[in-house]
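Text of target_27.cif, listed as mmCIF, C-alpha atoms:
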```
data_input
loop_
_atom_site.group_PDB
_atom_site.id
_atom_site.type_symbol
_atom_site.label_atom_id
_atom_site.label_comp_id
_atom_site.auth_asym_id
_atom_site.auth_seq_id
_atom_site.Cartn_x
_atom_site.Cartn_y
_atom_site.Cartn_z
ATOM 1 C CA MET A 118 150.184 120.800 129.419
ATOM 2 C CA ALA A 119 148.436 123.421 131.418
ATOM 3 C CA VAL A 120 151.448 125.552 132.078
ATOM 4 C CA ALA A 121 150.653 129.200 131.651
ATOM 5 C CA THR A 122 152.928 131.652 129.995
ATOM 6 C CA ILE A 123 154.858 133.550 132.590
ATOM 7 C CA GLY A 124 157.062 136.289 131.413
ATOM 8 C CA HIS A 125 160.290 135.998 133.285
ATOM 9 C CA SER A 126 163.608 134.325 133.042
ATOM 10 C CA PRO A 127 163.837 130.625 133.968
ATOM 11 C CA ASP A 128 166.059 131.367 136.935
ATOM 12 C CA MET A 129 163.675 133.870 138.442
ATOM 13 C CA GLY A 130 163.699 133.782 142.173
ATOM 14 C CA ASN A 131 167.231 134.684 142.995
ATOM 15 C CA SER A 132 168.041 136.967 140.092
ATOM 16 C CA LYS A 133 166.576 140.260 139.051
ATOM 17 C CA PRO A 134 163.228 139.512 137.396
ATOM 18 C CA LYS A 135 162.384 140.932 134.048
ATOM 19 C CA ASN A 136 159.514 143.372 133.991
ATOM 20 C CA GLU A 137 157.186 141.317 131.858
ATOM 21 C CA ALA A 138 153.559 140.436 132.099
ATOM 22 C CA LEU A 139 151.938 137.269 133.422
ATOM 23 C CA THR A 140 149.338 136.481 130.801
ATOM 24 C CA TYR A 141 147.165 133.566 129.785
ATOM 25 C CA ALA A 142 145.730 132.927 126.351
ATOM 26 C CA PRO A 143 141.933 133.530 126.480
ATOM 27 C CA GLY A 144 141.336 130.142 124.896
ATOM 28 C CA ARG A 145 143.179 128.412 127.742
ATOM 29 C CA SER A 146 141.191 130.294 130.363
ATOM 30 C CA ARG A 147 137.950 129.308 128.635
ATOM 31 C CA LEU A 148 139.111 125.687 128.520
ATOM 32 C CA LEU A 149 139.919 125.768 132.234
ATOM 33 C CA GLY A 150 136.476 127.251 132.952
ATOM 34 C CA ALA A 151 134.838 124.507 130.900
ATOM 35 C CA MET A 152 136.884 121.838 132.669
ATOM 36 C CA THR A 153 135.881 123.241 136.053
ATOM 37 C CA ILE A 154 132.197 123.076 135.109
ATOM 38 C CA ILE A 155 132.609 119.554 133.691
ATOM 39 C CA THR A 156 134.351 118.481 136.920
ATOM 40 C CA ALA A 157 131.539 119.904 139.060
ATOM 41 C CA LEU A 158 128.860 118.213 136.943
ATOM 42 C CA GLY A 159 130.939 115.044 136.908
ATOM 43 C CA LEU A 160 130.966 115.050 140.696
ATOM 44 C CA LEU A 161 127.171 115.100 140.754
ATOM 45 C CA ALA A 162 127.010 112.300 138.182
ATOM 46 C CA THR A 163 129.570 110.241 140.115
ATOM 47 C CA LEU A 164 127.686 110.720 143.376
ATOM 48 C CA TYR A 165 124.461 109.634 141.685
ATOM 49 C CA MET A 166 126.178 106.544 140.269
ATOM 50 C CA ALA A 167 127.890 105.643 143.554
ATOM 51 C CA LEU A 168 124.985 106.307 145.902
ATOM 52 C CA GLY A 169 121.937 105.655 143.711
ATOM 53 C CA TYR A 170 122.675 103.656 140.595
ATOM 54 C CA ALA A 171 125.096 101.018 141.913
ATOM 55 C CA PRO A 172 123.408 98.211 143.866
ATOM 56 C CA THR A 173 124.138 97.527 147.504
ATOM 57 C CA ASP A 174 126.820 94.918 148.117
ATOM 58 C CA ALA A 175 125.162 91.842 149.614
ATOM 59 C CA THR A 176 128.075 91.024 151.923
ATOM 60 C CA GLN A 177 129.406 94.415 152.993
ATOM 61 C CA GLY A 178 126.290 96.562 152.815
ATOM 62 C CA ASN A 179 126.439 100.234 151.874
ATOM 63 C CA VAL A 180 129.981 100.748 153.165
ATOM 64 C CA GLN A 181 131.178 99.140 149.912
ATOM 65 C CA ARG A 182 130.122 102.388 148.166
ATOM 66 C CA ILE A 183 133.176 104.039 149.744
ATOM 67 C CA PHE A 184 135.234 102.009 147.277
ATOM 68 C CA TYR A 185 134.188 104.289 144.421
ATOM 69 C CA MET A 186 135.866 107.232 146.158
ATOM 70 C CA HIS A 187 138.696 105.265 147.765
ATOM 71 C CA MET A 188 140.066 103.754 144.581
ATOM 72 C CA GLY A 189 139.409 106.708 142.273
ATOM 73 C CA ALA A 190 141.206 109.093 144.619
ATOM 74 C CA PHE A 191 144.245 106.813 144.506
ATOM 75 C CA PHE A 192 144.301 106.891 140.709
ATOM 76 C CA GLY A 193 143.881 110.701 140.714
ATOM 77 C CA GLY A 194 146.744 111.060 143.185
ATOM 78 C CA ALA A 195 148.904 108.583 141.288
ATOM 79 C CA ALA A 196 148.284 110.547 138.077
ATOM 80 C CA ALA A 197 149.441 113.727 139.845
ATOM 81 C CA PHE A 198 152.570 112.027 141.195
ATOM 82 C CA THR A 199 153.345 110.621 137.745
ATOM 83 C CA ILE A 200 153.403 114.194 136.465
ATOM 84 C CA THR A 201 155.736 115.045 139.373
ATOM 85 C CA VAL A 202 158.240 112.588 137.896
ATOM 86 C CA PHE A 203 157.826 114.064 134.422
ATOM 87 C CA ALA A 204 158.256 117.615 135.784
ATOM 88 C CA GLY A 205 161.332 116.534 137.759
ATOM 89 C CA VAL A 206 162.974 114.985 134.718
ATOM 90 C CA MET A 207 162.166 118.040 132.626
ATOM 91 C CA TYR A 208 163.605 120.364 135.275
ATOM 92 C CA LEU A 209 166.845 118.396 135.499
ATOM 93 C CA ARG A 210 167.141 118.501 131.712
ATOM 94 C CA THR A 211 166.236 122.158 131.139
ATOM 95 C CA GLN A 212 166.762 123.933 134.511
ATOM 96 C CA ASP A 213 163.573 125.834 133.670
ATOM 97 C CA MET A 214 161.749 126.881 136.847
ATOM 98 C CA LYS A 215 158.334 126.369 135.273
ATOM 99 C CA TRP A 216 158.880 122.609 135.709
ATOM 100 C CA ASP A 217 159.583 123.129 139.396
ATOM 101 C CA ARG A 218 156.338 125.060 139.734
ATOM 102 C CA LEU A 219 154.543 122.195 137.982
ATOM 103 C CA ALA A 220 156.200 119.652 140.294
ATOM 104 C CA VAL A 221 155.209 121.362 143.533
ATOM 105 C CA SER A 222 151.682 121.835 142.198
ATOM 106 C CA THR A 223 151.324 118.139 141.420
ATOM 107 C CA VAL A 224 152.451 117.123 144.886
ATOM 108 C CA GLU A 225 150.122 119.596 146.558
ATOM 109 C CA VAL A 226 147.199 118.238 144.520
ATOM 110 C CA GLY A 227 148.167 114.573 144.817
ATOM 111 C CA LEU A 228 148.603 114.642 148.580
ATOM 112 C CA PRO A 229 144.977 115.417 149.550
ATOM 113 C CA LEU A 230 143.767 112.812 147.063
ATOM 114 C CA MET A 231 146.002 110.173 148.653
ATOM 115 C CA LEU A 232 144.748 111.335 152.038
ATOM 116 C CA VAL A 233 141.200 110.644 150.812
ATOM 117 C CA THR A 234 142.307 107.111 149.918
ATOM 118 C CA LEU A 235 143.912 106.612 153.316
ATOM 119 C CA VAL A 236 140.995 107.934 155.389
ATOM 120 C CA THR A 237 138.223 106.264 153.395
ATOM 121 C CA GLY A 238 140.191 103.015 153.534
ATOM 122 C CA ALA A 239 140.328 103.159 157.318
ATOM 123 C CA ILE A 240 136.592 103.888 157.520
ATOM 124 C CA TRP A 241 135.828 100.993 155.153
ATOM 125 C CA ALA A 242 138.116 98.673 157.112
ATOM 126 C CA ARG A 243 136.321 99.171 160.430
ATOM 127 C CA PRO A 244 133.146 97.193 159.590
ATOM 128 C CA THR A 245 134.882 94.931 157.042
ATOM 129 C CA TRP A 246 138.039 93.913 158.911
ATOM 130 C CA ASN A 247 136.821 94.897 162.379
ATOM 131 C CA THR A 248 139.671 97.374 162.774
ATOM 132 C CA TRP A 249 140.451 100.923 161.637
ATOM 133 C CA TRP A 250 144.080 100.081 160.983
ATOM 134 C CA THR A 251 146.333 97.060 161.100
ATOM 135 C CA SER A 252 149.982 96.450 160.339
ATOM 136 C CA ASP A 253 149.426 95.326 156.765
ATOM 137 C CA PRO A 254 151.945 95.705 153.890
ATOM 138 C CA ARG A 255 149.482 97.717 151.790
ATOM 139 C CA LEU A 256 148.336 99.966 154.623
ATOM 140 C CA ASN A 257 151.821 100.620 155.927
ATOM 141 C CA SER A 258 153.290 101.327 152.502
ATOM 142 C CA MET A 259 150.399 103.690 151.736
ATOM 143 C CA ALA A 260 151.035 105.593 154.974
ATOM 144 C CA VAL A 261 154.756 105.784 154.212
ATOM 145 C CA MET A 262 153.988 107.122 150.733
ATOM 146 C CA VAL A 263 151.745 109.885 152.092
ATOM 147 C CA LEU A 264 154.414 110.833 154.660
ATOM 148 C CA LEU A 265 157.089 110.879 151.938
ATOM 149 C CA TYR A 266 155.130 113.371 149.851
ATOM 150 C CA ALA A 267 154.225 115.445 152.904
ATOM 151 C CA ALA A 268 157.955 115.570 153.653
ATOM 152 C CA TYR A 269 158.561 116.745 150.074
ATOM 153 C CA LEU A 270 156.570 119.909 150.797
ATOM 154 C CA THR A 271 158.177 120.411 154.204
ATOM 155 C CA LEU A 272 161.744 119.884 153.003
ATOM 156 C CA ARG A 273 161.242 122.212 150.044
ATOM 157 C CA SER A 274 160.433 125.063 152.358
ATOM 158 C CA THR A 275 163.721 124.603 154.245
ATOM 159 C CA LEU A 276 165.878 125.416 151.203
ATOM 160 C CA ASP A 277 166.366 129.092 150.433
ATOM 161 C CA SER A 278 168.113 128.909 147.092
ATOM 162 C CA PRO A 279 165.489 128.404 144.330
ATOM 163 C CA GLU A 280 167.930 126.441 142.167
ATOM 164 C CA ARG A 281 168.958 124.100 144.976
ATOM 165 C CA ARG A 282 165.341 123.712 146.044
ATOM 166 C CA ALA A 283 164.220 122.886 142.513
ATOM 167 C CA ARG A 284 167.068 120.402 141.958
ATOM 168 C CA PHE A 285 166.451 118.706 145.293
ATOM 169 C CA ALA A 286 162.688 118.582 144.686
ATOM 170 C CA ALA A 287 163.161 117.136 141.201
ATOM 171 C CA VAL A 288 165.340 114.272 142.439
ATOM 172 C CA TYR A 289 163.135 113.688 145.496
ATOM 173 C CA GLY A 290 159.960 113.675 143.386
ATOM 174 C CA ILE A 291 161.441 111.083 141.031
ATOM 175 C CA LEU A 292 162.650 108.815 143.837
ATOM 176 C CA ALA A 293 159.443 109.171 145.879
ATOM 177 C CA PHE A 294 157.473 107.701 143.000
ATOM 178 C CA ILE A 295 158.966 104.312 143.842
ATOM 179 C CA SER A 296 156.640 104.324 146.852
ATOM 180 C CA VAL A 297 153.609 104.823 144.574
ATOM 181 C CA LEU A 298 154.647 101.871 142.425
ATOM 182 C CA TYR A 299 155.228 99.756 145.519
ATOM 183 C CA VAL A 300 151.795 100.594 146.935
ATOM 184 C CA PHE A 301 150.247 99.527 143.628
ATOM 185 C CA ILE A 302 152.064 96.206 143.313
ATOM 186 C CA VAL A 303 152.376 95.168 146.957
ATOM 187 C CA ILE A 304 148.969 93.475 147.047
ATOM 188 C CA ARG A 305 149.912 91.618 143.864
ATOM 189 C CA ILE A 306 153.216 90.229 145.124
ATOM 190 C CA ARG A 307 152.679 89.647 148.842
ATOM 191 C CA PRO A 308 150.343 86.983 150.155
ATOM 192 C CA ASP A 309 150.257 88.372 153.700
ATOM 193 C CA THR A 310 147.923 91.255 153.024
ATOM 194 C CA LEU A 311 144.270 91.672 153.870
ATOM 195 C CA HIS A 312 143.747 94.216 151.105
ATOM 196 C CA PRO A 313 141.734 92.922 148.145
ATOM 197 C CA VAL A 314 142.874 93.244 144.533
ATOM 198 C CA VAL A 315 139.970 94.891 142.722
ATOM 199 C CA VAL A 316 141.541 95.524 139.319
ATOM 200 C CA GLY A 317 143.147 92.557 137.590
ATOM 201 C CA PRO A 318 144.048 89.118 138.889
ATOM 202 C CA SER A 319 146.237 88.529 141.899
ATOM 203 C CA PRO A 320 149.142 86.206 141.123
ATOM 204 C CA VAL A 321 149.482 85.201 144.761
ATOM 205 C CA GLU A 322 147.167 83.168 146.936
ATOM 206 C CA SER A 323 146.139 86.045 149.122
ATOM 207 C CA GLN A 324 144.369 86.091 152.463
ATOM 208 C CA ALA A 325 142.508 89.225 151.322
ATOM 209 C CA GLN A 326 139.178 89.982 152.946
ATOM 210 C CA GLY A 327 136.438 92.200 151.559
ATOM 211 C CA THR A 328 136.876 91.582 147.845
ATOM 212 C CA PRO A 329 133.619 92.801 146.282
ATOM 213 C CA ARG A 330 131.904 90.608 143.727
ATOM 214 C CA MET A 331 131.229 93.274 141.149
ATOM 215 C CA SER A 332 128.057 93.328 139.107
ATOM 216 C CA SER A 333 128.003 95.261 135.827
ATOM 217 C CA PRO A 334 126.449 98.433 137.353
ATOM 218 C CA MET A 335 129.119 98.356 140.075
ATOM 219 C CA ALA A 336 131.927 97.967 137.538
ATOM 220 C CA LEU A 337 130.508 100.802 135.413
ATOM 221 C CA THR A 338 130.259 103.042 138.486
ATOM 222 C CA LEU A 339 133.837 102.219 139.415
ATOM 223 C CA VAL A 340 135.054 103.172 135.930
ATOM 224 C CA ILE A 341 133.064 106.441 135.939
ATOM 225 C CA ALA A 342 134.335 107.309 139.436
ATOM 226 C CA ASN A 343 137.946 106.575 138.499
ATOM 227 C CA VAL A 344 137.698 108.730 135.373
ATOM 228 C CA TRP A 345 136.102 111.545 137.399
ATOM 229 C CA TRP A 346 138.875 111.512 139.989
ATOM 230 C CA ILE A 347 141.535 111.762 137.290
ATOM 231 C CA VAL A 348 139.662 114.636 135.587
ATOM 232 C CA ALA A 349 139.281 116.330 138.985
ATOM 233 C CA ALA A 350 143.011 115.925 139.626
ATOM 234 C CA VAL A 351 143.858 117.556 136.293
ATOM 235 C CA THR A 352 141.427 120.450 136.886
ATOM 236 C CA LEU A 353 142.742 121.047 140.409
ATOM 237 C CA LEU A 354 146.279 120.859 139.077
ATOM 238 C CA TRP A 355 145.606 123.442 136.422
ATOM 239 C CA HIS A 356 144.159 125.858 139.011
ATOM 240 C CA ARG A 357 147.079 125.116 141.337
ATOM 241 C CA ILE A 358 149.639 125.869 138.609
ATOM 242 C CA ARG A 359 147.998 129.228 137.937
ATOM 243 C CA MET A 360 148.161 129.977 141.635
ATOM 244 C CA GLU A 361 151.863 129.086 141.698
ATOM 245 C CA ASN A 362 152.486 131.309 138.676
ATOM 246 C CA LEU A 363 150.712 134.174 140.409
ATOM 247 C CA ALA A 364 152.683 133.593 143.616
ATOM 248 C CA GLU A 365 155.892 133.686 141.574
ATOM 249 C CA TYR A 366 154.761 136.890 139.904
ATOM 250 C CA VAL A 367 154.103 138.507 143.282
ATOM 251 C CA ARG A 368 157.507 137.382 144.584
ATOM 252 C CA ALA A 369 159.221 138.759 141.486
ATOM 253 C CA LYS A 370 157.327 142.025 141.678
ATOM 254 C CA LYS A 371 158.299 142.469 145.324
ATOM 255 C CA ALA A 372 161.932 141.752 144.516
ATOM 256 C CA GLN A 373 161.750 144.223 141.677
ATOM 257 C CA LEU A 374 160.320 146.945 143.946
ATOM 258 C CA LEU A 375 162.910 146.295 146.627
ATOM 259 C CA GLY A 376 165.675 146.368 144.073
ATOM 260 C CA ALA A 377 164.448 149.579 142.463
ATOM 261 C CA MET B 200 117.856 88.332 151.197
ATOM 262 C CA PRO B 201 117.672 91.969 152.243
ATOM 263 C CA ASP B 202 117.805 90.994 155.938
ATOM 264 C CA ALA B 203 121.249 89.484 155.430
ATOM 265 C CA ILE B 204 122.767 92.751 154.241
ATOM 266 C CA PRO B 205 124.671 94.308 157.157
ATOM 267 C CA ASP B 206 123.776 97.832 158.223
ATOM 268 C CA THR B 207 126.932 99.796 157.478
ATOM 269 C CA ASN B 208 125.219 103.037 156.440
ATOM 270 C CA GLY B 209 126.935 105.063 159.140
ATOM 271 C CA TYR B 210 130.390 104.134 157.869
ATOM 272 C CA MET B 211 129.380 104.964 154.302
ATOM 273 C CA ILE B 212 128.134 108.400 155.383
ATOM 274 C CA ALA B 213 131.308 108.984 157.425
ATOM 275 C CA GLY B 214 133.409 108.051 154.394
ATOM 276 C CA TYR B 215 131.655 110.492 152.086
ATOM 277 C CA ILE B 216 131.798 113.255 154.710
ATOM 278 C CA ALA B 217 135.558 112.649 154.976
ATOM 279 C CA VAL B 218 135.888 112.951 151.186
ATOM 280 C CA PHE B 219 134.042 116.271 151.183
ATOM 281 C CA ILE B 220 136.003 117.649 154.140
ATOM 282 C CA ILE B 221 139.395 116.829 152.586
ATOM 283 C CA LEU B 222 138.550 117.774 149.012
ATOM 284 C CA GLY B 223 136.398 120.762 149.969
ATOM 285 C CA GLY B 224 139.048 121.962 152.395
ATOM 286 C CA PHE B 225 141.666 121.853 149.680
ATOM 287 C CA VAL B 226 139.449 123.733 147.209
ATOM 288 C CA ILE B 227 138.650 126.401 149.819
ATOM 289 C CA TYR B 228 142.345 126.731 150.695
ATOM 290 C CA MET B 229 143.202 127.239 147.021
ATOM 291 C CA ALA B 230 140.400 129.762 146.515
ATOM 292 C CA LEU B 231 141.402 131.819 149.559
ATOM 293 C CA ARG B 232 145.092 131.785 148.684
ATOM 294 C CA GLN B 233 144.350 132.706 145.069
ATOM 295 C CA ARG B 234 142.204 135.598 146.266
ATOM 296 C CA ALA B 235 144.915 136.836 148.603
ATOM 297 C CA LEU B 236 147.527 136.637 145.841
ATOM 298 C CA HIS B 237 145.301 138.558 143.433
ATOM 299 C CA ALA B 238 144.778 141.264 146.043
ATOM 300 C CA GLU B 239 148.507 141.444 146.721
ATOM 301 C CA SER B 240 149.370 141.642 143.024
ATOM 302 C CA ARG B 241 146.829 144.441 142.545
ATOM 303 C CA GLU B 242 148.391 146.359 145.413
ATOM 304 C CA LEU B 243 151.853 145.892 143.991
ATOM 305 C CA ASP B 244 150.705 146.956 140.538
ATOM 306 C CA ALA B 245 149.038 150.033 142.017
ATOM 307 C CA PHE B 246 152.184 150.836 143.966
ATOM 308 C CA ALA B 247 154.417 150.604 140.938
ATOM 309 C CA PRO B 248 152.301 150.841 137.807
ATOM 310 C CA ASP B 249 154.366 150.387 134.733
ATOM 311 C CA GLY B 250 151.747 149.412 132.216
ATOM 312 C CA GLU B 251 153.260 146.026 131.635
ATOM 313 C CA ASN B 252 152.399 144.097 134.753
ATOM 314 C CA GLU B 253 148.841 143.200 133.993
ATOM 315 C CA ILE B 254 147.647 139.810 134.990
ATOM 316 C CA ALA B 255 144.979 138.093 132.988
ATOM 317 C CA ARG B 256 142.294 137.101 135.416
#
```
Rewrite the structure from the file as structure tokens, please.
Amino acid sequence: MAVATIGHSPDMGNSKPKNEALTYAPGRSRLLGAMTIITALGLLATLYMALGYAPTDATQGNVQRIFYMHMGAFFGGAAAFTITVFAGVMYLRTQDMKWDRLAVSTVEVGLPLMLVTLVTGAIWARPTWNTWWTSDPRLNSMAVMVLLYAAYLTLRSTLDSPERRARFAAVYGILAFISVLYVFIVIRIRPDTLHPVVVGPSPVESQAQGTPRMSSPMALTLVIANVWWIVAAVTLLWHRIRMENLAEYVRAKKAQLLGA
Amino acid sequence: MPDAIPDTNGYMIAGYIAVFIILGGFVIYMALRQRALHAESRELDAFAPDGENEIAR
């Protein structure tokens, strides 16, 4: 995992920090640099695939190309929120603050990706369903999920004690993941949704509208785009963790100076 | 038939612009905050140099 070495005690934040260095192994920094370049090149490749290589959908027209961003962003965000659960469990087991820093980083990365899914979905819906938004189980649950994770960041900032904040955030992050699972399965268990099931069969007789009939180039583009979004999520997460480590270092250094 | 394909180019462009605004905004936010934190840590290190608080950048 891309957690950098940070030289302080696990309970740093409310106790006197140790005067140790924040350092990263050179190999890790090189790997992060390589991943950043790969992500940037991957973006160009994905855009070429989505806008040039994949054929135009005969029914929906070019708006179907939004799907490559819409779905991939969801998987990237879901990957980030899955790590939030892992970090939460690890924090509750070890009480090590590095897991709390990982958890808040995953939520801050996952949230904009889910926002991409939400906004692109609304834009796609306008010409396809003739509405930007409708009271649909998938749409509503997606909105609730985004609000839940936005509340995670807001509620965190209201707790002063680092230990209480970390414990609360760990439990909240684990419970909030139920909303991600629900968003994923809702179109597979409820027949009263307009949202199409793109990956896998739908066990219910759905009234979904806008299901694309995917040709091979479209399916390949979708796979490439989904992989890119997950790689982008990991790269952003790694940068975000380093930023959180640096912020913690600055906080500790300030506390050290004030205490001296 | 090409004529039967609906013209939804504007929505596609709007969708991709939205992606770049959200994702680009987040990347810019991270870059600016990282820069500010680096500057702050340098100031703190200069204020109280102890030879041990070096951050690998």
Could you give me, as number ranges by chain, the residues within 10 Å of stretch 221-224 of chain A, counting all atoms listed in the file and dropping anything in the same chain fewer than 2 positions from it? A: 194-202, 204-205, 216-219, 226-230, 266-267, 269-270, 273, 283, 286-287, 290, 350-351, 353-361
Provide the atom CA of A:Phe294 to atom CA of A:His187 distance in Å, to one decimal place.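 Computed distance, atom CA of A:Phe294 to atom CA of A:His187, equals 19.5 Å.
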Closest atom pairs, residues of chain A within 7 Å of chain B, all atoms listed in the file, as a Markdown table:
```
| residue | atom | partner | partner_atom | distance |
| --- | --- | --- | --- | --- |
| A:Glu137 | CA | B:Glu251 | CA | 6.1 |
| A:Ala138 | CA | B:Asn252 | CA | 4.7 |
| A:Leu139 | CA | B:Ile254 | CA | 5.2 |
| A:Thr140 | CA | B:Ala255 | CA | 5.1 |
| A:Tyr141 | CA | B:Ala255 | CA | 6.0 |
| A:Ala175 | CA | B:Ile204 | CA | 5.3 |
| A:Thr176 | CA | B:Ile204 | CA | 6.0 |
| A:Gln177 | CA | B:Pro205 | CA | 6.3 |
| A:Gly178 | CA | B:Pro205 | CA | 5.2 |
| A:Asn179 | CA | B:Asn208 | CA | 5.5 |
| A:Val180 | CA | B:Met211 | CA | 4.4 |
| A:Arg182 | CA | B:Met211 | CA | 6.7 |
| A:Ile183 | CA | B:Met211 | CA | 6.0 |
| A:Pro229 | CA | B:Ile221 | CA | 6.5 |
| A:Val233 | CA | B:Val218 | CA | 5.8 |
| A:Thr237 | CA | B:Gly214 | CA | 5.2 |
| A:Ile240 | CA | B:Gly214 | CA | 6.1 |
| A:Trp241 | CA | B:Tyr210 | CA | 6.8 |
| A:Met360 | CA | B:Gln233 | CA | 5.8 |
| A:Leu363 | CA | B:Leu236 | CA | 6.8 |
| A:Ala364 | CA | B:Leu236 | CA | 6.4 |
| A:Val367 | CA | B:Ser240 | CA | 5.7 |
```
Please measure the separation of atom CA of A:Leu158 and atom CA of A:Ile347, giving the value in Å to one decimal.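 Between atom CA of A:Leu158 and atom CA of A:Ile347 the gap is 14.2 Å.
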Just the residues within 12 Å of A:Leu337, please, counting all atoms listed in the file, with nothing from its chain fewer than 3 positions along; format it as a PDB file with C-alpha atoms, in the frame of the given file.
```
ATOM      1  CA  THR A 163     129.570 110.241 140.115  1.00  0.00           C
ATOM      2  CA  MET A 166     126.178 106.544 140.269  1.00  0.00           C
ATOM      3  CA  ALA A 167     127.890 105.643 143.554  1.00  0.00           C
ATOM      4  CA  TYR A 170     122.675 103.656 140.595  1.00  0.00           C
ATOM      5  CA  ALA A 171     125.096 101.018 141.913  1.00  0.00           C
ATOM      6  CA  PRO A 172     123.408  98.211 143.866  1.00  0.00           C
ATOM      7  CA  TYR A 185     134.188 104.289 144.421  1.00  0.00           C
ATOM      8  CA  MET A 331     131.229  93.274 141.149  1.00  0.00           C
ATOM      9  CA  SER A 332     128.057  93.328 139.107  1.00  0.00           C
ATOM     10  CA  SER A 333     128.003  95.261 135.827  1.00  0.00           C
ATOM     11  CA  PRO A 334     126.449  98.433 137.353  1.00  0.00           C
ATOM     12  CA  VAL A 340     135.054 103.172 135.930  1.00  0.00           C
ATOM     13  CA  ILE A 341     133.064 106.441 135.939  1.00  0.00           C
ATOM     14  CA  ALA A 342     134.335 107.309 139.436  1.00  0.00           C
ATOM     15  CA  ASN A 343     137.946 106.575 138.499  1.00  0.00           C
ATOM     16  CA  VAL A 344     137.698 108.730 135.373  1.00  0.00           C
TER      17      VAL A 344
END
```
Quick one, how far is atom CA of A:Ile302 from atom CA of A:Leu265?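 Answer for the atom CA of A:Ile302 to atom CA of A:Leu265 separation: 17.7 Å.
Considering all atoms listed in the file, the residue among A:Leu272, A:Ala157, A:Leu292, A:Val314 positioned nearest to B:Gly223 is A:Ala157.
Between A:Met262 and the residues A:Ser296, A:Gly238, A:Lys370, A:Phe192, the shortest atom-to-atom distance, using all atoms listed in the file, involves A:Ser296.
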Centre and edge lengths, as JSON, for the axis-aligned box enclosing every listed atom of stretch 180-194 of chain A with 8 Å of padding on each of the six sides, in Å to one decimal?
```
{"center_x": 138.4, "center_y": 105.1, "center_z": 146.9, "size_x": 32.8, "size_y": 27.9, "size_z": 28.5}
```
Nearest candidate to A:Val236 (options A:Phe184, A:Phe203, A:Phe285, A:Tyr165; using only C-alpha atoms):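 Distance minimum relative to A:Val236 lands on A:Phe184.
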Output file request: stretch 285-301 of chain A, with C-alpha atoms, as a short mmCIF file (atom, residue, chain, number, x, y, z; two decimals), in the first residue's frame.
```cif
data_model
loop_
_atom_site.label_atom_id
_atom_site.label_comp_id
_atom_site.auth_asym_id
_atom_site.auth_seq_id
_atom_site.Cartn_x
_atom_site.Cartn_y
_atom_site.Cartn_z
CA PHE A 285 -15.87 7.72 14.48
CA ALA A 286 -14.55 7.97 10.91
CA ALA A 287 -13.57 4.30 10.87
CA VAL A 288 -17.03 3.12 11.92
CA TYR A 289 -18.77 5.64 9.64
CA GLY A 290 -16.59 4.65 6.66
CA ILE A 291 -17.43 0.98 7.17
CA LEU A 292 -21.17 1.58 7.51
CA ALA A 293 -21.31 4.06 4.61
CA PHE A 294 -20.05 1.37 2.27
CA ILE A 295 -23.47 -0.28 2.50
CA SER A 296 -24.70 2.57 0.31
CA VAL A 297 -22.09 1.73 -2.36
CA LEU A 298 -23.20 -1.90 -2.39
CA TYR A 299 -26.83 -0.85 -2.59
CA VAL A 300 -26.17 1.47 -5.53
CA PHE A 301 -24.47 -1.41 -7.33
#
```
